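Here's the structure, in structure tokens; my notes come after.
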Amino acid sequence: MSRVEIPSENQLGPLPTVLFGDPAVTKKGVVVVQEWWGMNQQIQDEAKQISEEGSFVTIVPDLYRGKVATDNEEAGHLMGNLDWSGAVKDIAACARFLKEKGCSKVGVTGFCMGGALSFAAAALVPEVDAAAPFYGIPSPDLCDVSTIKIPLQCHFGDQDQVAGFSDPTAQKILKEKLVNVKHEFFVYPAGHAFTNTKSPNYSEEACKLSFQRMYQFFKSNL
């Protein structure tokens, strides 16, 4: 694991990141995008797991530039103040960095807020070659998911209760928009944040299956 600050077109300036693996050795890169908590230990552990189990180089952008929430109220405040377009630029910066350092292709995955941003990156960032978002859907103001041209693999829980963002009703609307997009759509018997070991909704079975699917998807498309 190494901490690397990279240039970003986000108006906040240089982007702190955590990197797992060596892009010069492992040619498949994955940007792992945080939940609304920030770049806490949990998302770093998840990126390390994805790197080791999937044999990818992973990079986590610190979208909040050092701020980490410890409760839902603070996390909601940080996410509410996020410049989402700027965050997409941060993801683009990570993809460019990995390619400049040796990766031939780069995917993006993310969870909750990071899932929504993964969809946005799939639609808006030319440097991204495949995307696997988890339980988060972007606002139509940020991007039009129907314009996605790269391979897409979606992961949601059928008991998700985050209305308008990742619940079954929002999933249904999303599916309708993706009718002309090459994609896979997986739904698990689980709630929101089912891959987060710190969440009360964590499901070991759903997490393991979804990650195996994601690894295979990225190996096929990166």
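Going through the structure tokens in order, the chains are called A, B, and so on, while each chain numbers its residues from 1 and the ligands are numbered from 1 in the order shown.
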
Backbone-only DSSP, alpha helix (DSSP H) members of segment 11-191 of chain A, as an MDAnalysis selection string: chainID A and resid 41:54 72:80 84:100 113:124 168:177

Give me the residues of segment 55-164 of chain A that have any atom at most 8 Å from an atom of segment 16-29 of chain A; for each, the nearest atom pair and the distance in Å, rounded to one decimal. Use only C-alpha atoms, sort by chain and number, and format it as a Markdown table.
```
| residue | atom | partner | partner_atom | distance |
| --- | --- | --- | --- | --- |
| A:Ser55 | CA | A:Thr26 | CA | 7.4 |
| A:Phe56 | CA | A:Lys28 | CA | 5.4 |
| A:Val57 | CA | A:Gly29 | CA | 4.6 |
| A:Thr58 | CA | A:Phe20 | CA | 5.2 |
| A:Ile59 | CA | A:Leu19 | CA | 4.5 |
| A:Val60 | CA | A:Val18 | CA | 5.2 |
| A:Pro61 | CA | A:Thr17 | CA | 4.6 |
| A:Asp62 | CA | A:Pro16 | CA | 5.5 |
| A:Arg65 | CA | A:Pro16 | CA | 6.7 |
| A:Ala95 | CA | A:Gly29 | CA | 7.9 |
| A:Leu98 | CA | A:Pro23 | CA | 6.2 |
| A:Lys99 | CA | A:Pro23 | CA | 7.8 |
| A:Lys101 | CA | A:Pro23 | CA | 5.6 |
| A:Gly102 | CA | A:Ala24 | CA | 4.6 |
| A:Cys103 | CA | A:Lys27 | CA | 4.1 |
| A:Ser104 | CA | A:Lys27 | CA | 5.4 |
| A:Lys105 | CA | A:Lys28 | CA | 5.6 |
| A:Val106 | CA | A:Gly29 | CA | 4.5 |
| A:Gly107 | CA | A:Gly29 | CA | 6.2 |
```

For the residues selected in the previous step, produce a file with all heavy atoms as a tab-separated table (two decimals), in the first residue's frame.
```tsv
chain	number	residue	atom	x	y	z
A	55	SER	N	-6.43	-9.81	-8.40
A	55	SER	CA	-5.16	-9.55	-9.09
A	55	SER	C	-5.24	-8.29	-9.94
A	55	SER	O	-4.90	-8.28	-11.13
A	55	SER	CB	-4.75	-10.75	-9.96
A	55	SER	OG	-4.56	-11.90	-9.16
A	56	PHE	N	-5.74	-7.21	-9.33
A	56	PHE	CA	-5.80	-5.90	-9.96
A	56	PHE	C	-4.95	-4.90	-9.19
A	56	PHE	O	-4.70	-5.10	-8.00
A	56	PHE	CB	-7.25	-5.37	-9.99
A	56	PHE	CG	-8.25	-6.31	-10.58
A	56	PHE	CD1	-9.25	-6.87	-9.81
A	56	PHE	CD2	-8.21	-6.64	-11.93
A	56	PHE	CE1	-10.18	-7.74	-10.34
A	56	PHE	CE2	-9.13	-7.52	-12.48
A	56	PHE	CZ	-10.12	-8.06	-11.69
A	57	VAL	N	-4.55	-3.83	-9.86
A	57	VAL	CA	-4.06	-2.66	-9.15
A	57	VAL	C	-5.29	-1.85	-8.76
A	57	VAL	O	-6.15	-1.60	-9.61
A	57	VAL	CB	-3.15	-1.79	-10.04
A	57	VAL	CG1	-2.70	-0.55	-9.28
A	57	VAL	CG2	-1.97	-2.57	-10.52
A	58	THR	N	-5.41	-1.46	-7.51
A	58	THR	CA	-6.56	-0.64	-7.11
A	58	THR	C	-6.10	0.70	-6.56
A	58	THR	O	-5.03	0.80	-5.93
A	58	THR	CB	-7.44	-1.35	-6.06
A	58	THR	OG1	-6.65	-1.70	-4.92
A	58	THR	CG2	-8.08	-2.60	-6.63
A	59	ILE	N	-6.90	1.72	-6.80
A	59	ILE	CA	-6.60	3.05	-6.29
A	59	ILE	C	-7.88	3.64	-5.70
A	59	ILE	O	-8.96	3.51	-6.29
A	59	ILE	CB	-6.01	3.96	-7.39
A	59	ILE	CG1	-5.52	5.30	-6.80
A	59	ILE	CG2	-6.99	4.19	-8.53
A	59	ILE	CD1	-4.69	6.13	-7.77
A	60	VAL	N	-7.76	4.24	-4.52
A	60	VAL	CA	-8.91	4.86	-3.85
A	60	VAL	C	-8.70	6.36	-3.81
A	60	VAL	O	-7.77	6.85	-3.17
A	60	VAL	CB	-9.07	4.33	-2.40
A	60	VAL	CG1	-10.36	4.88	-1.77
A	60	VAL	CG2	-9.05	2.82	-2.35
A	61	PRO	N	-9.55	7.14	-4.49
A	61	PRO	CA	-9.44	8.60	-4.39
A	61	PRO	C	-10.08	9.11	-3.10
A	61	PRO	O	-11.16	8.65	-2.72
A	61	PRO	CB	-10.23	9.09	-5.62
A	61	PRO	CG	-11.22	8.00	-5.90
A	61	PRO	CD	-10.60	6.71	-5.44
A	62	ASP	N	-9.42	10.03	-2.44
A	62	ASP	CA	-9.97	10.65	-1.22
A	62	ASP	C	-10.81	11.86	-1.65
A	62	ASP	O	-10.33	12.99	-1.65
A	62	ASP	CB	-8.83	11.06	-0.29
A	62	ASP	CG	-9.34	11.61	1.04
A	62	ASP	OD1	-10.57	11.71	1.21
A	62	ASP	OD2	-8.50	11.94	1.89
A	65	ARG	N	-10.97	14.88	0.60
A	65	ARG	CA	-9.69	15.52	0.93
A	65	ARG	C	-9.40	15.50	2.43
A	65	ARG	O	-9.16	16.51	3.07
A	65	ARG	CB	-9.64	16.96	0.42
A	65	ARG	CG	-9.88	17.18	-1.10
A	65	ARG	CD	-8.85	16.46	-1.94
A	65	ARG	NE	-8.77	16.91	-3.32
A	65	ARG	CZ	-9.56	16.54	-4.33
A	65	ARG	NH1	-10.56	15.71	-4.11
A	65	ARG	NH2	-9.35	16.99	-5.56
A	95	ALA	N	-7.96	7.24	-13.18
A	95	ALA	CA	-7.86	6.38	-14.36
A	95	ALA	C	-6.67	6.79	-15.23
A	95	ALA	O	-5.90	5.93	-15.70
A	95	ALA	CB	-9.15	6.45	-15.17
A	98	LEU	N	-3.37	5.65	-13.50
A	98	LEU	CA	-3.09	4.22	-13.65
A	98	LEU	C	-2.60	3.89	-15.06
A	98	LEU	O	-1.67	3.09	-15.24
A	98	LEU	CB	-4.34	3.39	-13.32
A	98	LEU	CG	-4.77	3.36	-11.84
A	98	LEU	CD1	-6.05	2.55	-11.68
A	98	LEU	CD2	-3.67	2.79	-10.95
A	99	LYS	N	-3.20	4.52	-16.06
A	99	LYS	CA	-2.78	4.25	-17.45
A	99	LYS	C	-1.38	4.82	-17.72
A	99	LYS	O	-0.56	4.19	-18.39
A	99	LYS	CB	-3.81	4.81	-18.42
A	99	LYS	CG	-5.10	3.98	-18.43
A	99	LYS	CD	-6.05	4.38	-19.54
A	99	LYS	CE	-7.18	3.36	-19.63
A	99	LYS	NZ	-8.17	3.67	-20.69
A	101	LYS	N	0.93	5.02	-15.62
A	101	LYS	CA	1.90	4.21	-14.88
A	101	LYS	C	2.01	2.78	-15.38
A	101	LYS	O	2.79	1.99	-14.85
A	101	LYS	CB	1.55	4.20	-13.38
A	101	LYS	CG	1.66	5.56	-12.71
A	101	LYS	CD	3.08	6.09	-12.76
A	101	LYS	CE	3.21	7.44	-12.08
A	101	LYS	NZ	4.58	7.98	-12.17
A	102	GLY	N	1.21	2.43	-16.41
A	102	GLY	CA	1.39	1.11	-17.00
A	102	GLY	C	0.16	0.25	-17.21
A	102	GLY	O	0.24	-0.78	-17.87
A	103	CYS	N	-0.99	0.62	-16.62
A	103	CYS	CA	-2.20	-0.18	-16.83
A	103	CYS	C	-2.70	-0.01	-18.26
A	103	CYS	O	-2.74	1.10	-18.79
A	103	CYS	CB	-3.30	0.23	-15.86
A	103	CYS	SG	-3.01	-0.30	-14.16
A	104	SER	N	-3.08	-1.13	-18.90
A	104	SER	CA	-3.60	-1.05	-20.26
A	104	SER	C	-5.06	-0.63	-20.27
A	104	SER	O	-5.50	0.10	-21.16
A	104	SER	CB	-3.43	-2.39	-20.97
A	104	SER	OG	-3.96	-3.44	-20.18
A	105	LYS	N	-5.83	-1.10	-19.29
A	105	LYS	CA	-7.23	-0.70	-19.15
A	105	LYS	C	-7.56	-0.48	-17.69
A	105	LYS	O	-6.92	-1.04	-16.80
A	105	LYS	CB	-8.16	-1.75	-19.75
A	105	LYS	CG	-8.12	-1.82	-21.27
A	105	LYS	CD	-9.23	-2.72	-21.81
A	105	LYS	CE	-9.27	-2.69	-23.33
A	105	LYS	NZ	-10.37	-3.54	-23.85
A	106	VAL	N	-8.60	0.34	-17.45
A	106	VAL	CA	-8.99	0.69	-16.08
A	106	VAL	C	-10.50	0.58	-15.91
A	106	VAL	O	-11.26	1.09	-16.74
A	106	VAL	CB	-8.52	2.12	-15.72
A	106	VAL	CG1	-9.06	2.53	-14.35
A	106	VAL	CG2	-7.00	2.22	-15.74
A	107	GLY	N	-10.91	-0.09	-14.84
A	107	GLY	CA	-12.32	-0.16	-14.48
A	107	GLY	C	-12.59	0.70	-13.27
A	107	GLY	O	-11.66	1.19	-12.61
```

As a PyMOL selection string, list the residues of segment 10-219 of chain A assigned to strand (DSSP E) by DSSP on the backbone atoms of this structure. chain A and resi 15-20+28-33+57-61+105-111+130-134+152-157+183-188

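In this structure, atom CA of Leu142 of chain A sits 12.7 Å away from atom CA of Met113 of chain A.
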
Shortest contact to Asp83 of chain A, candidates A:Asn40, A:Gln11, A:Tyr188, A:Ser139, atoms counted only C-alpha atoms, goes to A:Gln11

Nearby residues (only C-alpha atoms) at most 12 Å from Ile173 of chain A, same-chain spacing under 4 positions excluded, as number ranges by chain: A: 137-138, 140, 145-146, 164-169, 177-179

Env of Leu124 of chain A: 9 Å cut, atoms = only C-alpha atoms, seq-sep filter 6 positions within chain, self excluded. Answer as an NGL selection string. :A and (88 or 92 or 143-144 or 147-148)

Those same residues - all heavy atoms - I'd like them written as a compact mmCIF listing (two decimals), in the first residue's frame.
```txt
# COMPACT_ATOMS: atom_id res chain seq x y z
N VAL A 88 -16.23 13.32 -10.19
CA VAL A 88 -16.05 12.58 -11.44
C VAL A 88 -14.69 12.92 -12.05
O VAL A 88 -13.98 12.04 -12.58
CB VAL A 88 -17.19 12.89 -12.44
CG1 VAL A 88 -16.90 12.28 -13.81
CG2 VAL A 88 -18.52 12.37 -11.90
N ALA A 92 -11.57 10.43 -12.99
CA ALA A 92 -10.85 10.51 -14.27
C ALA A 92 -9.35 10.64 -14.03
O ALA A 92 -8.53 10.02 -14.72
CB ALA A 92 -11.36 11.69 -15.08
N CYS A 143 -25.59 12.87 -14.85
CA CYS A 143 -25.30 12.14 -16.09
C CYS A 143 -26.54 11.41 -16.59
O CYS A 143 -27.48 11.19 -15.83
CB CYS A 143 -24.15 11.15 -15.88
SG CYS A 143 -24.63 9.69 -14.92
N ASP A 144 -26.49 11.01 -17.84
CA ASP A 144 -27.55 10.21 -18.45
C ASP A 144 -27.01 8.80 -18.61
O ASP A 144 -26.18 8.54 -19.49
CB ASP A 144 -27.93 10.82 -19.81
CG ASP A 144 -29.01 10.03 -20.52
OD1 ASP A 144 -29.44 8.98 -19.99
OD2 ASP A 144 -29.44 10.45 -21.61
N THR A 147 -26.57 6.72 -21.91
CA THR A 147 -25.51 7.00 -22.89
C THR A 147 -24.25 6.17 -22.65
O THR A 147 -23.28 6.31 -23.39
CB THR A 147 -25.12 8.49 -22.85
OG1 THR A 147 -24.52 8.79 -21.57
CG2 THR A 147 -26.32 9.39 -23.07
N ILE A 148 -24.25 5.31 -21.61
CA ILE A 148 -23.06 4.52 -21.30
C ILE A 148 -22.72 3.59 -22.47
O ILE A 148 -23.58 2.88 -22.98
CB ILE A 148 -23.27 3.70 -20.00
CG1 ILE A 148 -23.37 4.67 -18.80
CG2 ILE A 148 -22.13 2.70 -19.78
CD1 ILE A 148 -23.75 3.99 -17.49
```

What are the nearest atom pairs, with distances in Å to one decimal, for all residues of segment 66-184 of chain A that come at most 8 Å from segment 202-221 of chain A, using only C-alpha atoms, set out by chain and rising residue number as a Markdown table?
```
| residue | atom | partner | partner_atom | distance |
| --- | --- | --- | --- | --- |
| A:Gly107 | CA | A:Phe218 | CA | 6.9 |
| A:Asp129 | CA | A:Asn221 | CA | 7.5 |
| A:Ala130 | CA | A:Asn221 | CA | 6.5 |
| A:Ala132 | CA | A:Met214 | CA | 6.6 |
| A:Pro151 | CA | A:Asn221 | CA | 7.2 |
| A:Gln153 | CA | A:Met214 | CA | 7.4 |
| A:His155 | CA | A:Ser210 | CA | 7.0 |
```

Output of the above residues as a compact mmCIF listing (two decimals), in the first residue's frame, restricted to N, CA, C and O atoms:
```
# COMPACT_ATOMS: atom_id res chain seq x y z
N GLY A 107 -10.91 -0.09 -14.84
CA GLY A 107 -12.32 -0.16 -14.48
C GLY A 107 -12.59 0.70 -13.27
O GLY A 107 -11.66 1.19 -12.61
N ASP A 129 -12.84 1.99 -18.83
CA ASP A 129 -13.13 0.95 -19.82
C ASP A 129 -14.24 -0.01 -19.41
O ASP A 129 -14.77 -0.74 -20.25
N ALA A 130 -14.59 -0.05 -18.13
CA ALA A 130 -15.67 -0.91 -17.64
C ALA A 130 -16.05 -0.42 -16.24
O ALA A 130 -15.23 0.18 -15.54
N ALA A 132 -18.46 -1.35 -12.52
CA ALA A 132 -19.25 -2.27 -11.72
C ALA A 132 -19.77 -1.55 -10.47
O ALA A 132 -19.20 -1.67 -9.39
N PRO A 151 -18.81 -1.69 -21.05
CA PRO A 151 -19.43 -2.79 -20.31
C PRO A 151 -19.76 -2.36 -18.87
O PRO A 151 -18.96 -1.69 -18.21
N GLN A 153 -21.67 -3.67 -15.07
CA GLN A 153 -22.21 -4.73 -14.22
C GLN A 153 -22.74 -4.10 -12.94
O GLN A 153 -21.99 -3.47 -12.19
N HIS A 155 -24.89 -4.09 -9.18
CA HIS A 155 -25.15 -4.93 -8.01
C HIS A 155 -26.04 -4.18 -7.01
O HIS A 155 -25.68 -3.10 -6.54
```

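Here atom CA of Leu222 of chain A stands at a distance of 20.8 Å from atom CA of Lys89 of chain A.
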
How far is it from atom CA of Val30 of chain A to atom CA of Val108 of chain A, in Å with one decimal?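 Between atom CA of Val30 of chain A and atom CA of Val108 of chain A the gap is 5.2 Å.
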